[in-house]
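Contents: one structure, followed by commentary.
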Amino acid sequence: MAPTSITRFPAEVVPQAPEDPLFGLMRAYRADSSPNKVDLGIGAYRDDNAKPWVLPVVKKADEILHNDPEANHEYLPIAGLAALTSKAAELLLGQSAPAIAEKRTASIQTISGTGAVHLGALFLAKFYQIQGVNRTVYVSNPTWANHHQIFTNVGLPIATYPYFNKETKGLDFNGMKAALEQAPDGSIILLHACAHNPTGVDPTPEQWREIALLMKAKKHFPFFDTAYQGFASGDLDRDAGAIRLFVEEGFELVIAQSFAKNFGLYGQRAGCFHYVASPSADAAEITTRVASQLAILQRSEISNPPIYGARIASIVLNDAALFAEWKENLQTMSGRIIDMRNKLRAKLEELGTPGQWNHITDQIGMFSFTGLSEPQVLKLRSDYHIYMTKNGRISMAGLNSRNVDYVATAIDKVVREVQ
């Protein structure tokens, strides 16, 4: 008889964690042997052949890096590759942004967008401690699932503000404004800069301006998460519009930035975290202090960020011809996503599928909140081998000219059969 194990981590202390739902969905898809299976869960771009797409400009940058006799595998500085972080800030704020010229920005390279959100959360958990100011982080309902875990892991409480209107499948703007108004002054508000994940619903420029004015009156602290700049609309400046508006309005804020989607560097984990100080006589000094503490946090977490993806992105961002080609690559990706939205909506309306489907084209970016119920989603999976998250979110990148009619027809049948 084997002896009973002796551990300081019994099941009542360390219970078995549930499988991550998205990665569980990926596992189930891979195990499905049906030739008709469709993956609408994965948050990564696919071309019209359902294959990962290495951006042509990334291939060129890779070749440049491969042929660089000075390239090596030495450590980067704690704050990362300066040639990347400086251009990353310009990408978000604009090349001639006063905040950059006045040295009001601090930028640090991170483990993609997830690492940027985590570093920001860690910084706020340690330093956002002004007496009487609320430390609760308000996130949209719904939001990227990982937001909840990242903030609660560092001891910051989470609250939600209304965002998605299930009736219109658009923005619950009045509900959002009411919640921001009711939140205690100085609350941390997490905002998706563009291509909201998971809904694909973004405020209009006019609505963003209202949000900014409301948050300024309430002295709220904006935390922007931007993972889809250039990928959402195909226009880098347009997709940075909300961030630039808040900076122009004089907010002190932070930004988590990912290069996974817009460079296709998913596995290379390239991203940045940015702090922007409000305009003031001592803004540069404040920024220097913040940068010093971010470096201390980074050192204890990862010491130095990874180099390969940073070099690839940096080569493109610092070369005018490659940068122009990158913008063309972005339009290729965003254009195909928009085309799939149009085709899916057109087929559903051609079939007379019950309900309104204009939200498919009204939404933007990689994801669409279809409005399908969990029972409908599960039937699509069991009967048609179509995989999506239980809340009805689909990755538009999983659609292509070969499967969009099949998916639309399956949705039509399931909507009629399952209420």
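Letters A, B, ... go to the chains of the structure tokens in the order shown; residues in each chain start at 1; ligands are counted from 1 in the same order.
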
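Using only C-alpha atoms, the residues found no farther than 8 Å from A:Pro184, other than those of its own chain fewer than 6 positions away, are Val133, Asn134 and Lys218 of chain A.
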
Item to complete: Please provide as a ChimeraX atom specification all residues within 10 Å of A:Ile100, with the sequence filter that same-chain residues fewer than 5 positions apart are discarded (counting only C-alpha atoms).
Response: /A:86,89-90,93-95,105-106,276

Discussion item. Going by DSSP on the backbone, which residues of stretch 88-302 of chain A come out as strand (DSSP E or B)? List them as number ranges by chain.
Written reply: A: 105-111, 137-141, 158-162, 164-165, 170-171, 188-192, 221-226, 253-258, 270-276

Worksheet item: Excluding same-chain residues fewer than 2 positions from A:Asn174, what lies within 12 Å of it counting only C-alpha atoms, as a list in words?
Response: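 Near neighbours after the sequence-gap exclusion: Tyr161, Pro162, Tyr163, Phe164, Asn165, Gly170, Leu171, Asp172, Met176, Lys177, Ala178, Ala179, Leu180, Glu181, Pro203, Gln207, Glu210 and Ile211 of chain A.
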
Kindly export the residues of the current selection with N, CA, C and O atoms, as an mmCIF file, in the first residue's frame.
data_model
loop_
_atom_site.group_PDB
_atom_site.id
_atom_site.type_symbol
_atom_site.label_atom_id
_atom_site.label_comp_id
_atom_site.auth_asym_id
_atom_site.auth_seq_id
_atom_site.Cartn_x
_atom_site.Cartn_y
_atom_site.Cartn_z
ATOM 1 N N TYR A 161 -18.923 48.089 -15.825
ATOM 2 C CA TYR A 161 -19.866 49.086 -16.317
ATOM 3 C C TYR A 161 -20.583 48.500 -17.531
ATOM 4 O O TYR A 161 -20.009 47.725 -18.292
ATOM 5 N N PRO A 162 -21.884 48.801 -17.706
ATOM 6 C CA PRO A 162 -22.623 48.268 -18.860
ATOM 7 C C PRO A 162 -21.946 48.682 -20.163
ATOM 8 O O PRO A 162 -21.439 49.802 -20.284
ATOM 9 N N TYR A 163 -21.959 47.785 -21.137
ATOM 10 C CA TYR A 163 -21.324 48.100 -22.414
ATOM 11 C C TYR A 163 -22.132 47.581 -23.602
ATOM 12 O O TYR A 163 -22.423 48.327 -24.522
ATOM 13 N N PHE A 164 -22.489 46.301 -23.567
ATOM 14 C CA PHE A 164 -23.164 45.692 -24.719
ATOM 15 C C PHE A 164 -24.663 45.647 -24.494
ATOM 16 O O PHE A 164 -25.148 45.147 -23.477
ATOM 17 N N ASN A 165 -25.411 46.184 -25.461
ATOM 18 C CA ASN A 165 -26.863 46.152 -25.411
ATOM 19 C C ASN A 165 -27.347 44.921 -26.169
ATOM 20 O O ASN A 165 -27.193 44.827 -27.393
ATOM 21 N N GLY A 170 -25.520 46.506 -29.935
ATOM 22 C CA GLY A 170 -24.624 47.649 -30.076
ATOM 23 C C GLY A 170 -24.210 48.149 -28.702
ATOM 24 O O GLY A 170 -24.319 47.430 -27.696
ATOM 25 N N LEU A 171 -23.763 49.374 -28.638
ATOM 26 C CA LEU A 171 -23.261 49.951 -27.397
ATOM 27 C C LEU A 171 -24.395 50.420 -26.492
ATOM 28 O O LEU A 171 -25.303 51.125 -26.937
ATOM 29 N N ASP A 172 -24.327 50.042 -25.231
ATOM 30 C CA ASP A 172 -25.246 50.570 -24.219
ATOM 31 C C ASP A 172 -24.629 51.865 -23.689
ATOM 32 O O ASP A 172 -24.082 51.912 -22.583
ATOM 33 N N MET A 176 -23.446 52.862 -19.901
ATOM 34 C CA MET A 176 -22.021 53.083 -19.649
ATOM 35 C C MET A 176 -21.805 54.428 -18.971
ATOM 36 O O MET A 176 -21.083 54.532 -17.958
ATOM 37 N N LYS A 177 -22.416 55.471 -19.518
ATOM 38 C CA LYS A 177 -22.246 56.812 -18.950
ATOM 39 C C LYS A 177 -22.767 56.880 -17.515
ATOM 40 O O LYS A 177 -22.125 57.488 -16.644
ATOM 41 N N ALA A 178 -23.911 56.248 -17.271
ATOM 42 C CA ALA A 178 -24.492 56.280 -15.930
ATOM 43 C C ALA A 178 -23.562 55.608 -14.921
ATOM 44 O O ALA A 178 -23.375 56.111 -13.795
ATOM 45 N N ALA A 179 -22.964 54.498 -15.322
ATOM 46 C CA ALA A 179 -22.064 53.782 -14.412
ATOM 47 C C ALA A 179 -20.802 54.591 -14.129
ATOM 48 O O ALA A 179 -20.312 54.633 -12.990
ATOM 49 N N LEU A 180 -20.263 55.242 -15.157
ATOM 50 C CA LEU A 180 -19.066 56.054 -14.954
ATOM 51 C C LEU A 180 -19.381 57.267 -14.079
ATOM 52 O O LEU A 180 -18.541 57.716 -13.294
ATOM 53 N N GLU A 181 -20.576 57.775 -14.214
ATOM 54 C CA GLU A 181 -21.003 58.906 -13.392
ATOM 55 C C GLU A 181 -21.154 58.485 -11.931
ATOM 56 O O GLU A 181 -20.819 59.238 -11.006
ATOM 57 N N PRO A 203 -17.380 52.861 -29.377
ATOM 58 C CA PRO A 203 -18.059 54.161 -29.379
ATOM 59 C C PRO A 203 -17.700 54.941 -30.638
ATOM 60 O O PRO A 203 -16.628 54.754 -31.224
ATOM 61 N N GLN A 207 -19.156 59.938 -29.231
ATOM 62 C CA GLN A 207 -19.373 59.273 -27.942
ATOM 63 C C GLN A 207 -18.089 59.230 -27.125
ATOM 64 O O GLN A 207 -18.108 59.416 -25.900
ATOM 65 N N GLU A 210 -17.745 62.477 -25.360
ATOM 66 C CA GLU A 210 -18.621 62.546 -24.178
ATOM 67 C C GLU A 210 -18.030 61.763 -23.014
ATOM 68 O O GLU A 210 -18.069 62.198 -21.860
ATOM 69 N N ILE A 211 -17.487 60.580 -23.325
ATOM 70 C CA ILE A 211 -16.877 59.747 -22.282
ATOM 71 C C ILE A 211 -15.698 60.482 -21.649
ATOM 72 O O ILE A 211 -15.526 60.490 -20.424
#

Item to complete: Using only C-alpha atoms, pick whichever of A:Leu265, A:Ile111, A:Leu378, A:Ala242 has the shortest atom-to-atom distance to A:Pro222.
Response: A:Ala242

Worksheet item: Skipping near chain neighbours, those fewer than 2 positions away, what residues fall within 10 Å of stretch 358-369 of chain A using only C-alpha atoms, listed as a count of residues only?
Response: 55

Practice prompt. Any chance you could list, as an NGL selection string, the residues in stretch 283-384 of chain A that come up alpha helix (DSSP H) when DSSP is run on the backbone?
Written response: :A and (283-301 or 308-317 or 320-350 or 359-362 or 374-384)

Worksheet item: Could you pull the residues within 10 Å of A:Leu322, counting only C-alpha atoms, minus those fewer than 6 positions along the same chain, as a ChimeraX atom specification?
Response: /A:56-58,60-61,315-316,328

Worksheet, complete the sentence: Using only C-alpha atoms, the best pick from A:Gly352, A:Ala116, A:Lys103, A:Arg27 as closest to A:Ala281 would be A:Lys103

Worksheet item: When you draw a straight line from atom CA of A:Leu297 to atom CA of A:Pro279, how long is it in Å?
Response: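 These two atoms are separated by 25.2 Å.
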
Worksheet item: Which residue, A:Leu190, A:Ala284, A:Val117, A:Ala291, has the smallest gap to A:Asn141 when you use only C-alpha atoms?
Response: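 Residue with the minimum atom-to-atom distance to A:Asn141: A:Leu190.
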
Worksheet entry | Closest of A:Arg269, A:Lys347, A:Arg416, A:Arg8 to A:Lys379 - atom-to-atom distances counting only C-alpha atoms |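 Among A:Arg269, A:Lys347, A:Arg416, A:Arg8, it is A:Arg416 that comes nearest to A:Lys379.
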